[in-house]
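Chemist: Next comes the structure file upload39.cif, holding mmCIF, N, CA and C atoms.
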data_target
#
loop_
_atom_site.label_atom_id
_atom_site.label_comp_id
_atom_site.auth_asym_id
_atom_site.auth_seq_id
_atom_site.Cartn_x
_atom_site.Cartn_y
_atom_site.Cartn_z
N MET A 29 14.83 -10.87 0.83
CA MET A 29 13.65 -10.10 0.49
C MET A 29 12.79 -9.94 1.75
N SER A 30 12.40 -8.72 2.04
CA SER A 30 11.52 -8.43 3.18
C SER A 30 10.09 -8.29 2.69
N THR A 31 9.16 -8.69 3.53
CA THR A 31 7.74 -8.52 3.22
C THR A 31 7.09 -7.73 4.34
N ILE A 32 6.35 -6.70 3.96
CA ILE A 32 5.59 -5.89 4.90
C ILE A 32 4.12 -6.20 4.68
N GLN A 33 3.41 -6.47 5.77
CA GLN A 33 1.97 -6.72 5.68
C GLN A 33 1.26 -5.88 6.72
N VAL A 34 0.32 -5.08 6.26
CA VAL A 34 -0.45 -4.20 7.14
C VAL A 34 -1.93 -4.47 6.89
N VAL A 35 -2.67 -4.73 7.96
CA VAL A 35 -4.11 -4.97 7.85
C VAL A 35 -4.82 -3.99 8.77
N GLU A 36 -5.79 -3.27 8.23
CA GLU A 36 -6.58 -2.31 8.99
C GLU A 36 -8.06 -2.63 8.82
N SER A 37 -8.82 -2.56 9.89
CA SER A 37 -10.27 -2.74 9.82
C SER A 37 -10.93 -1.46 9.32
N HIS A 38 -12.09 -1.61 8.71
CA HIS A 38 -12.82 -0.42 8.23
C HIS A 38 -14.31 -0.71 8.19
N GLN A 39 -15.07 0.36 7.97
CA GLN A 39 -16.52 0.26 7.81
C GLN A 39 -16.96 1.14 6.65
N LYS A 40 -16.17 1.16 5.58
CA LYS A 40 -16.46 2.02 4.43
C LYS A 40 -16.65 1.17 3.18
N SER A 41 -17.15 1.82 2.14
CA SER A 41 -17.30 1.14 0.86
C SER A 41 -15.95 1.07 0.16
N THR A 42 -15.85 0.19 -0.81
CA THR A 42 -14.62 0.06 -1.59
C THR A 42 -14.27 1.37 -2.27
N ASP A 43 -15.27 2.05 -2.84
CA ASP A 43 -15.02 3.32 -3.52
C ASP A 43 -14.51 4.39 -2.55
N GLU A 44 -15.07 4.44 -1.35
CA GLU A 44 -14.61 5.41 -0.35
C GLU A 44 -13.15 5.15 0.02
N ILE A 45 -12.81 3.90 0.18
CA ILE A 45 -11.43 3.56 0.54
C ILE A 45 -10.48 3.88 -0.60
N LYS A 46 -10.85 3.51 -1.81
CA LYS A 46 -9.99 3.80 -2.96
C LYS A 46 -9.78 5.30 -3.10
N SER A 47 -10.80 6.09 -2.87
CA SER A 47 -10.68 7.54 -2.91
C SER A 47 -9.72 8.04 -1.83
N GLY A 48 -9.84 7.48 -0.64
CA GLY A 48 -8.98 7.87 0.47
C GLY A 48 -7.53 7.46 0.28
N LEU A 49 -7.28 6.49 -0.60
CA LEU A 49 -5.92 6.01 -0.84
C LEU A 49 -5.15 6.86 -1.85
N SER A 50 -5.72 7.97 -2.30
CA SER A 50 -5.04 8.80 -3.30
C SER A 50 -3.69 9.31 -2.79
N GLN A 51 -3.60 9.71 -1.52
CA GLN A 51 -2.31 10.15 -0.97
C GLN A 51 -1.32 8.99 -0.93
N PHE A 52 -1.83 7.82 -0.64
CA PHE A 52 -1.02 6.61 -0.61
C PHE A 52 -0.43 6.36 -2.00
N GLU A 53 -1.26 6.50 -3.02
CA GLU A 53 -0.79 6.32 -4.40
C GLU A 53 0.26 7.36 -4.77
N GLU A 54 0.05 8.61 -4.33
CA GLU A 54 1.02 9.66 -4.61
C GLU A 54 2.37 9.34 -3.98
N MET A 55 2.36 8.85 -2.73
CA MET A 55 3.59 8.50 -2.06
C MET A 55 4.33 7.43 -2.86
N PHE A 56 3.61 6.40 -3.28
CA PHE A 56 4.24 5.32 -4.02
C PHE A 56 4.75 5.78 -5.38
N SER A 57 4.02 6.65 -6.05
CA SER A 57 4.44 7.08 -7.38
C SER A 57 5.76 7.85 -7.32
N LYS A 58 6.04 8.52 -6.21
CA LYS A 58 7.32 9.23 -6.04
C LYS A 58 8.49 8.26 -6.10
N TYR A 59 8.26 7.00 -5.76
CA TYR A 59 9.31 5.99 -5.76
C TYR A 59 9.25 5.07 -6.98
N GLY A 60 8.44 5.45 -7.95
CA GLY A 60 8.34 4.67 -9.18
C GLY A 60 7.46 3.45 -9.08
N VAL A 61 6.61 3.40 -8.06
CA VAL A 61 5.71 2.26 -7.88
C VAL A 61 4.36 2.60 -8.52
N LYS A 62 3.85 1.67 -9.31
CA LYS A 62 2.56 1.87 -9.96
C LYS A 62 1.53 0.95 -9.31
N MET A 63 0.31 1.49 -9.19
CA MET A 63 -0.83 0.72 -8.67
C MET A 63 -1.84 0.56 -9.79
N VAL A 64 -2.22 -0.68 -10.07
CA VAL A 64 -3.22 -0.97 -11.08
C VAL A 64 -4.40 -1.64 -10.39
N TRP A 65 -5.56 -0.97 -10.43
CA TRP A 65 -6.75 -1.47 -9.74
C TRP A 65 -7.59 -2.37 -10.64
N ASN A 66 -8.15 -3.40 -10.04
CA ASN A 66 -9.14 -4.26 -10.66
C ASN A 66 -10.16 -4.57 -9.56
N GLU A 67 -11.27 -3.81 -9.59
CA GLU A 67 -12.28 -3.89 -8.52
C GLU A 67 -11.64 -3.51 -7.18
N GLY A 68 -11.72 -4.39 -6.18
CA GLY A 68 -11.18 -4.09 -4.85
C GLY A 68 -9.77 -4.60 -4.63
N GLU A 69 -9.04 -4.87 -5.74
CA GLU A 69 -7.67 -5.37 -5.65
C GLU A 69 -6.76 -4.48 -6.48
N ALA A 70 -5.59 -4.20 -5.95
CA ALA A 70 -4.59 -3.45 -6.70
C ALA A 70 -3.29 -4.24 -6.70
N THR A 71 -2.60 -4.19 -7.83
CA THR A 71 -1.29 -4.79 -7.94
C THR A 71 -0.26 -3.68 -7.94
N LEU A 72 0.81 -3.86 -7.16
CA LEU A 72 1.89 -2.89 -7.08
C LEU A 72 3.08 -3.42 -7.87
N THR A 73 3.66 -2.57 -8.72
CA THR A 73 4.84 -2.95 -9.48
C THR A 73 5.85 -1.81 -9.45
N GLY A 74 7.12 -2.14 -9.60
CA GLY A 74 8.19 -1.15 -9.58
C GLY A 74 9.32 -1.67 -8.70
N PRO A 75 10.01 -0.76 -7.98
CA PRO A 75 11.09 -1.20 -7.10
C PRO A 75 10.59 -2.11 -5.97
N VAL A 76 9.30 -2.02 -5.68
CA VAL A 76 8.65 -2.95 -4.75
C VAL A 76 7.47 -3.57 -5.48
N THR A 77 7.07 -4.75 -5.06
CA THR A 77 5.88 -5.39 -5.62
C THR A 77 4.94 -5.72 -4.49
N GLY A 78 3.73 -6.01 -4.82
CA GLY A 78 2.79 -6.38 -3.77
C GLY A 78 1.36 -6.19 -4.21
N SER A 79 0.50 -6.05 -3.21
CA SER A 79 -0.92 -5.93 -3.51
C SER A 79 -1.64 -5.17 -2.41
N ILE A 80 -2.81 -4.68 -2.79
CA ILE A 80 -3.73 -4.05 -1.85
C ILE A 80 -5.07 -4.74 -2.09
N SER A 81 -5.71 -5.20 -1.03
CA SER A 81 -7.02 -5.80 -1.19
C SER A 81 -7.99 -5.19 -0.19
N ILE A 82 -9.19 -4.97 -0.69
CA ILE A 82 -10.25 -4.37 0.13
C ILE A 82 -11.38 -5.38 0.22
N THR A 83 -11.72 -5.77 1.45
CA THR A 83 -12.88 -6.62 1.67
C THR A 83 -13.93 -5.78 2.39
N ALA A 84 -15.03 -6.38 2.75
CA ALA A 84 -16.11 -5.65 3.43
C ALA A 84 -15.67 -5.09 4.78
N THR A 85 -14.66 -5.68 5.40
CA THR A 85 -14.25 -5.25 6.74
C THR A 85 -12.77 -4.94 6.90
N GLU A 86 -11.94 -5.29 5.90
CA GLU A 86 -10.49 -5.10 6.03
C GLU A 86 -9.86 -4.50 4.79
N LEU A 87 -8.79 -3.77 5.05
CA LEU A 87 -7.91 -3.27 4.00
C LEU A 87 -6.56 -3.90 4.29
N LYS A 88 -6.04 -4.63 3.32
CA LYS A 88 -4.78 -5.35 3.51
C LYS A 88 -3.77 -4.89 2.47
N VAL A 89 -2.57 -4.52 2.95
CA VAL A 89 -1.49 -4.11 2.08
C VAL A 89 -0.33 -5.07 2.29
N VAL A 90 0.16 -5.65 1.21
CA VAL A 90 1.32 -6.54 1.26
C VAL A 90 2.36 -5.99 0.29
N ILE A 91 3.56 -5.73 0.81
CA ILE A 91 4.62 -5.18 -0.02
C ILE A 91 5.85 -6.06 0.12
N LYS A 92 6.41 -6.43 -1.02
CA LYS A 92 7.62 -7.24 -1.04
C LYS A 92 8.77 -6.36 -1.52
N LEU A 93 9.77 -6.25 -0.68
CA LEU A 93 10.93 -5.43 -1.01
C LEU A 93 12.02 -6.33 -1.58
N GLY A 94 12.36 -6.12 -2.82
CA GLY A 94 13.40 -6.90 -3.47
C GLY A 94 14.75 -6.21 -3.38
N MET A 95 15.68 -6.71 -4.15
CA MET A 95 17.04 -6.16 -4.16
C MET A 95 17.06 -4.70 -4.62
N MET A 96 16.20 -4.37 -5.58
CA MET A 96 16.16 -3.00 -6.09
C MET A 96 15.78 -2.03 -4.98
N ALA A 97 14.80 -2.41 -4.17
CA ALA A 97 14.38 -1.55 -3.06
C ALA A 97 15.52 -1.36 -2.07
N LYS A 98 16.24 -2.42 -1.80
CA LYS A 98 17.38 -2.33 -0.89
C LYS A 98 18.46 -1.42 -1.46
N MET A 99 18.69 -1.53 -2.77
CA MET A 99 19.71 -0.71 -3.42
C MET A 99 19.38 0.77 -3.37
N VAL A 100 18.10 1.12 -3.45
CA VAL A 100 17.73 2.54 -3.41
C VAL A 100 17.53 3.03 -1.98
N GLY A 101 17.78 2.16 -0.99
CA GLY A 101 17.78 2.59 0.41
C GLY A 101 16.44 2.60 1.10
N ILE A 102 15.50 1.79 0.66
CA ILE A 102 14.20 1.73 1.33
C ILE A 102 14.34 0.96 2.64
N ASP A 103 14.00 1.61 3.75
CA ASP A 103 14.06 1.00 5.07
C ASP A 103 12.71 0.36 5.38
N PRO A 104 12.64 -0.96 5.53
CA PRO A 104 11.36 -1.63 5.76
C PRO A 104 10.59 -1.12 6.98
N THR A 105 11.28 -0.83 8.05
CA THR A 105 10.61 -0.36 9.27
C THR A 105 9.98 1.01 9.06
N ARG A 106 10.71 1.90 8.44
CA ARG A 106 10.17 3.25 8.17
C ARG A 106 9.02 3.18 7.17
N LEU A 107 9.16 2.31 6.16
CA LEU A 107 8.10 2.18 5.17
C LEU A 107 6.82 1.65 5.80
N GLU A 108 6.93 0.64 6.66
CA GLU A 108 5.75 0.10 7.33
C GLU A 108 5.08 1.16 8.19
N SER A 109 5.87 1.94 8.92
CA SER A 109 5.32 3.01 9.75
C SER A 109 4.58 4.04 8.89
N SER A 110 5.17 4.40 7.77
CA SER A 110 4.55 5.38 6.87
C SER A 110 3.26 4.82 6.28
N ILE A 111 3.26 3.55 5.92
CA ILE A 111 2.05 2.93 5.37
C ILE A 111 0.94 2.93 6.41
N ARG A 112 1.24 2.52 7.63
CA ARG A 112 0.23 2.50 8.70
C ARG A 112 -0.37 3.90 8.92
N LYS A 113 0.50 4.90 8.95
CA LYS A 113 0.05 6.28 9.16
C LYS A 113 -0.88 6.73 8.03
N ARG A 114 -0.50 6.48 6.81
CA ARG A 114 -1.29 6.91 5.65
C ARG A 114 -2.60 6.14 5.55
N LEU A 115 -2.59 4.87 5.92
CA LEU A 115 -3.83 4.10 5.89
C LEU A 115 -4.81 4.61 6.93
N ARG A 116 -4.33 4.98 8.11
CA ARG A 116 -5.22 5.54 9.13
C ARG A 116 -5.88 6.81 8.63
N VAL A 117 -5.11 7.64 7.93
CA VAL A 117 -5.66 8.88 7.35
C VAL A 117 -6.69 8.52 6.27
N ALA A 118 -6.36 7.56 5.42
CA ALA A 118 -7.27 7.17 4.35
C ALA A 118 -8.56 6.58 4.87
N LEU A 119 -8.49 5.90 6.00
CA LEU A 119 -9.69 5.27 6.57
C LEU A 119 -10.43 6.17 7.53
N GLY A 120 -9.80 7.28 7.92
CA GLY A 120 -10.37 8.19 8.91
C GLY A 120 -11.54 8.89 8.48
#
In structure tokens, what does this structure look like?
Modeler:
Amino acid sequence: MSTIQVVESHQKSTDEIKSGLSQFEEMFSKYGVKMVWNEGEATLTGPVTGSISITATELKVVIKLGMMAKMVGIDPTRLESSIRKRLRVALG
């Protein structure tokens, strides 16, 4: 099992960040991943699991790729690159 962890600094409110993550959610939904928000925390479920947490200064994404993700051909390096790119756009 591979784990991807991406941490980005920010200076925005939780609501601004959640709004900016809409493209991120769309990308994940294409792969059958669901995001369930509870305040500044989201749980990811589906072929990958993990979490998104928003603090006053950081946005942290942790994704765990299980056997199902490997079977459908998810490349951890490409996924991490795509996550970093989308987070920069969301925080921009």
Chemist: With 10 Å as the cut-off and only C-alpha atoms counted, what is the closest atom pair between each nearby residue of region 81-114 of chain A and region 55-74 of chain A? Distances in Å to one decimal, ordered by chain and number, as a tab-separated table.
Modeler:
residue	atom	partner	partner_atom	distance
A:Ser81	CA	A:Glu69	CA	4.5
A:Ile82	CA	A:Gly68	CA	5.1
A:Thr83	CA	A:Gly68	CA	7.2
A:Ala84	CA	A:Gly68	CA	9.8
A:Leu87	CA	A:Gly68	CA	9.5
A:Lys88	CA	A:Glu69	CA	9.6
A:Val89	CA	A:Ala70	CA	9.3
A:Val90	CA	A:Leu72	CA	9.1
A:Ile91	CA	A:Leu72	CA	7.9
A:Lys92	CA	A:Leu72	CA	9.4
A:Leu93	CA	A:Gly74	CA	10.0
A:Gly94	CA	A:Gly74	CA	9.9
A:Met96	CA	A:Gly74	CA	8.9
A:Ala97	CA	A:Gly74	CA	9.0
A:Val100	CA	A:Tyr59	CA	9.4
A:Ile102	CA	A:Tyr59	CA	9.6
A:Ser110	CA	A:Met55	CA	9.5
A:Ile111	CA	A:Met55	CA	9.4
A:Arg114	CA	A:Met55	CA	9.3
Chemist: Which one is closest to Ser41 (chain A): A:Thr85, A:Ser109, A:Leu115, A:Gly120? Count only C-alpha atoms.
Modeler: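 Smallest separation from Ser41 (chain A) among the options: A:Thr85.
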Chemist: Taking only N, CA and C atoms into account, which of A:Glu53, A:Gly101, A:His38, A:Arg106 comes nearest Leu119 (chain A)?
Modeler: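 With only N, CA and C atoms as the atom set, the closest residue is A:His38.
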Chemist: Which neighbours of Gly48 (chain A) fall inside 7 Å, counting only N, CA and C atoms, when residues of the same chain fewer than 4 positions from it are skipped, and could you give them as a PDB file with N, CA and C atoms, keeping the file's coordinate frame?
Modeler:
ATOM      1  N   ASP A  43     -15.270   2.050  -2.840  1.00  0.00           N
ATOM      2  CA  ASP A  43     -15.020   3.320  -3.520  1.00  0.00           C
ATOM      3  C   ASP A  43     -14.510   4.390  -2.550  1.00  0.00           C
ATOM      4  N   GLU A  44     -15.070   4.440  -1.350  1.00  0.00           N
ATOM      5  CA  GLU A  44     -14.610   5.410  -0.350  1.00  0.00           C
ATOM      6  C   GLU A  44     -13.150   5.150   0.020  1.00  0.00           C
ATOM      7  N   PHE A  52      -1.830   7.820  -0.640  1.00  0.00           N
ATOM      8  CA  PHE A  52      -1.020   6.610  -0.610  1.00  0.00           C
ATOM      9  C   PHE A  52      -0.430   6.360  -2.000  1.00  0.00           C
ATOM     10  N   VAL A 117      -5.110   7.640   7.930  1.00  0.00           N
ATOM     11  CA  VAL A 117      -5.660   8.880   7.350  1.00  0.00           C
ATOM     12  C   VAL A 117      -6.690   8.520   6.270  1.00  0.00           C
ATOM     13  N   ALA A 118      -6.360   7.560   5.420  1.00  0.00           N
ATOM     14  CA  ALA A 118      -7.270   7.170   4.350  1.00  0.00           C
ATOM     15  C   ALA A 118      -8.560   6.580   4.870  1.00  0.00           C
ATOM     16  N   LEU A 119      -8.490   5.900   6.000  1.00  0.00           N
ATOM     17  CA  LEU A 119      -9.690   5.270   6.570  1.00  0.00           C
ATOM     18  C   LEU A 119     -10.430   6.170   7.530  1.00  0.00           C
TER      19      LEU A 119
END
Chemist: What does the distance from CA of Glu36 (chain A) to CA of Met99 (chain A) come to in Å, to one decimal?
Modeler: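 We find that CA of Glu36 (chain A) and CA of Met99 (chain A) lie 29.1 Å from each other.
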Chemist: Which of chain A counts as strand (DSSP E or B) under DSSP, as a PyMOL selection string please?
Modeler: chain A and resi 30-37+62-66+69-73+76-82+86-93
Chemist: Based on the backbone DSSP call, show me all residues of region 29-109 of chain A assigned alpha helix (DSSP H), as an MDAnalysis selection string.
Modeler: chainID A and resid 42:48 50:58 95:99 104:109
Chemist: Could the centre and edge lengths of an axis-aligned box, enclosing all atoms of region 51-64 of chain A in the file with 6 Å extra on each side, be given in Å to one decimal as lines of an AutoDock Vina configuration file?
Modeler:
center_x = 2.5
center_y = 4.3
center_z = -5.8
size_x = 25.7
size_y = 23.8
size_z = 22.5
Chemist: Just the number, please: distance in Å from atom N of Ile32 (chain A) to CA of Lys113 (chain A), one decimal.
Modeler: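 CA of Lys113 (chain A) lies at a distance of 15.3 Å from atom N of Ile32 (chain A).
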Chemist: Write a file for chain A of the given structure; include C-alpha atoms and format it as a PDB file, in the first residue's frame.
Modeler:
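Once everything was written out, this is decode-v1.pdb:
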ATOM      1  CA  MET A  29       0.000   0.000   0.000  1.00  0.00           C
ATOM      2  CA  SER A  30       1.355   3.422  -0.987  1.00  0.00           C
ATOM      3  CA  THR A  31       0.605   6.607   0.904  1.00  0.00           C
ATOM      4  CA  ILE A  32       0.697  10.059  -0.654  1.00  0.00           C
ATOM      5  CA  GLN A  33       0.914  13.084   1.625  1.00  0.00           C
ATOM      6  CA  VAL A  34       0.799  16.641   0.338  1.00  0.00           C
ATOM      7  CA  VAL A  35       0.919  19.702   2.599  1.00  0.00           C
ATOM      8  CA  GLU A  36       0.447  23.244   1.289  1.00  0.00           C
ATOM      9  CA  SER A  37       0.540  26.503   3.254  1.00  0.00           C
ATOM     10  CA  HIS A  38      -2.293  28.994   2.881  1.00  0.00           C
ATOM     11  CA  GLN A  39      -3.731  32.244   4.181  1.00  0.00           C
ATOM     12  CA  LYS A  40      -7.413  31.656   3.421  1.00  0.00           C
ATOM     13  CA  SER A  41     -10.515  30.744   5.371  1.00  0.00           C
ATOM     14  CA  THR A  42     -11.755  27.163   5.534  1.00  0.00           C
ATOM     15  CA  ASP A  43     -14.778  28.081   3.394  1.00  0.00           C
ATOM     16  CA  GLU A  44     -12.572  29.684   0.715  1.00  0.00           C
ATOM     17  CA  ILE A  45     -10.402  26.593   0.547  1.00  0.00           C
ATOM     18  CA  LYS A  46     -13.348  24.201   0.429  1.00  0.00           C
ATOM     19  CA  SER A  47     -14.811  26.259  -2.413  1.00  0.00           C
ATOM     20  CA  GLY A  48     -11.495  26.162  -4.265  1.00  0.00           C
ATOM     21  CA  LEU A  49     -11.341  22.374  -3.884  1.00  0.00           C
ATOM     22  CA  SER A  50     -14.386  21.831  -6.117  1.00  0.00           C
ATOM     23  CA  GLN A  51     -12.170  20.879  -9.099  1.00  0.00           C
ATOM     24  CA  PHE A  52     -10.277  18.543  -6.810  1.00  0.00           C
ATOM     25  CA  GLU A  53     -13.555  16.867  -5.825  1.00  0.00           C
ATOM     26  CA  GLU A  54     -14.564  16.557  -9.485  1.00  0.00           C
ATOM     27  CA  MET A  55     -11.266  14.842 -10.314  1.00  0.00           C
ATOM     28  CA  PHE A  56     -11.747  12.353  -7.500  1.00  0.00           C
ATOM     29  CA  SER A  57     -15.383  11.649  -8.336  1.00  0.00           C
ATOM     30  CA  LYS A  58     -14.323  10.533 -11.841  1.00  0.00           C
ATOM     31  CA  TYR A  59     -12.458   7.686 -10.126  1.00  0.00           C
ATOM     32  CA  GLY A  60     -15.291   6.757  -7.781  1.00  0.00           C
ATOM     33  CA  VAL A  61     -13.811   8.520  -4.758  1.00  0.00           C
ATOM     34  CA  LYS A  62     -16.238  10.291  -2.442  1.00  0.00           C
ATOM     35  CA  MET A  63     -15.396  13.177  -0.120  1.00  0.00           C
ATOM     36  CA  VAL A  64     -17.485  13.682   3.007  1.00  0.00           C
ATOM     37  CA  TRP A  65     -16.864  16.955   4.839  1.00  0.00           C
ATOM     38  CA  ASN A  66     -17.203  17.565   8.565  1.00  0.00           C
ATOM     39  CA  GLU A  67     -16.086  21.144   9.287  1.00  0.00           C
ATOM     40  CA  GLY A  68     -12.451  21.455   8.110  1.00  0.00           C
ATOM     41  CA  GLU A  69     -11.945  17.701   7.673  1.00  0.00           C
ATOM     42  CA  ALA A  70     -12.919  15.455   4.791  1.00  0.00           C
ATOM     43  CA  THR A  71     -12.835  11.685   4.612  1.00  0.00           C
ATOM     44  CA  LEU A  72     -12.053  10.039   1.267  1.00  0.00           C
ATOM     45  CA  THR A  73     -13.553   6.652   0.426  1.00  0.00           C
ATOM     46  CA  GLY A  74     -13.565   4.481  -2.686  1.00  0.00           C
ATOM     47  CA  PRO A  75     -10.669   2.898  -4.599  1.00  0.00           C
ATOM     48  CA  VAL A  76      -8.442   5.131  -2.467  1.00  0.00           C
ATOM     49  CA  THR A  77      -8.950   6.210   1.127  1.00  0.00           C
ATOM     50  CA  GLY A  78      -7.587   9.119   3.052  1.00  0.00           C
ATOM     51  CA  SER A  79      -8.321  12.532   4.411  1.00  0.00           C
ATOM     52  CA  ILE A  80      -8.123  16.242   3.804  1.00  0.00           C
ATOM     53  CA  SER A  81      -7.604  18.588   6.731  1.00  0.00           C
ATOM     54  CA  ILE A  82      -7.636  22.355   6.784  1.00  0.00           C
ATOM     55  CA  THR A  83      -5.994  24.269   9.622  1.00  0.00           C
ATOM     56  CA  ALA A  84      -5.463  28.013   9.966  1.00  0.00           C
ATOM     57  CA  THR A  85      -2.203  27.792   7.990  1.00  0.00           C
ATOM     58  CA  GLU A  86      -2.077  24.410   6.204  1.00  0.00           C
ATOM     59  CA  LEU A  87      -4.013  22.198   3.858  1.00  0.00           C
ATOM     60  CA  LYS A  88      -3.020  18.557   4.213  1.00  0.00           C
ATOM     61  CA  VAL A  89      -4.053  15.736   1.892  1.00  0.00           C
ATOM     62  CA  VAL A  90      -3.291  12.113   2.772  1.00  0.00           C
ATOM     63  CA  ILE A  91      -4.226   9.380   0.312  1.00  0.00           C
ATOM     64  CA  LYS A  92      -3.748   5.668   0.838  1.00  0.00           C
ATOM     65  CA  LEU A  93      -3.653   3.578  -2.306  1.00  0.00           C
ATOM     66  CA  GLY A  94      -4.810   0.026  -1.706  1.00  0.00           C
ATOM     67  CA  MET A  95      -4.905  -3.017  -3.942  1.00  0.00           C
ATOM     68  CA  MET A  96      -7.997  -1.737  -5.760  1.00  0.00           C
ATOM     69  CA  ALA A  97      -6.165   1.429  -6.805  1.00  0.00           C
ATOM     70  CA  LYS A  98      -3.261  -0.637  -8.068  1.00  0.00           C
ATOM     71  CA  MET A  99      -5.637  -2.898 -10.007  1.00  0.00           C
ATOM     72  CA  VAL A 100      -7.238   0.055 -11.806  1.00  0.00           C
ATOM     73  CA  GLY A 101      -3.789   1.406 -12.722  1.00  0.00           C
ATOM     74  CA  ILE A 102      -3.423   4.443 -10.471  1.00  0.00           C
ATOM     75  CA  ASP A 103       0.202   5.620 -10.619  1.00  0.00           C
ATOM     76  CA  PRO A 104       1.189   7.137  -7.232  1.00  0.00           C
ATOM     77  CA  THR A 105       3.747   9.532  -8.741  1.00  0.00           C
ATOM     78  CA  ARG A 106       1.342  10.914 -11.329  1.00  0.00           C
ATOM     79  CA  LEU A 107      -1.442  11.167  -8.753  1.00  0.00           C
ATOM     80  CA  GLU A 108       0.754  13.128  -6.340  1.00  0.00           C
ATOM     81  CA  SER A 109       1.797  15.500  -9.131  1.00  0.00           C
ATOM     82  CA  SER A 110      -1.838  16.036 -10.123  1.00  0.00           C
ATOM     83  CA  ILE A 111      -2.851  16.662  -6.508  1.00  0.00           C
ATOM     84  CA  ARG A 112      -0.082  19.238  -6.003  1.00  0.00           C
ATOM     85  CA  LYS A 113      -1.074  21.033  -9.226  1.00  0.00           C
ATOM     86  CA  ARG A 114      -4.778  21.138  -8.328  1.00  0.00           C
ATOM     87  CA  LEU A 115      -4.091  22.284  -4.772  1.00  0.00           C
ATOM     88  CA  ARG A 116      -1.986  25.197  -6.039  1.00  0.00           C
ATOM     89  CA  VAL A 117      -4.904  26.229  -8.260  1.00  0.00           C
ATOM     90  CA  ALA A 118      -7.358  25.841  -5.367  1.00  0.00           C
ATOM     91  CA  LEU A 119      -5.185  27.950  -3.081  1.00  0.00           C
ATOM     92  CA  GLY A 120      -4.272  30.509  -5.746  1.00  0.00           C
TER      93      GLY A 120
END
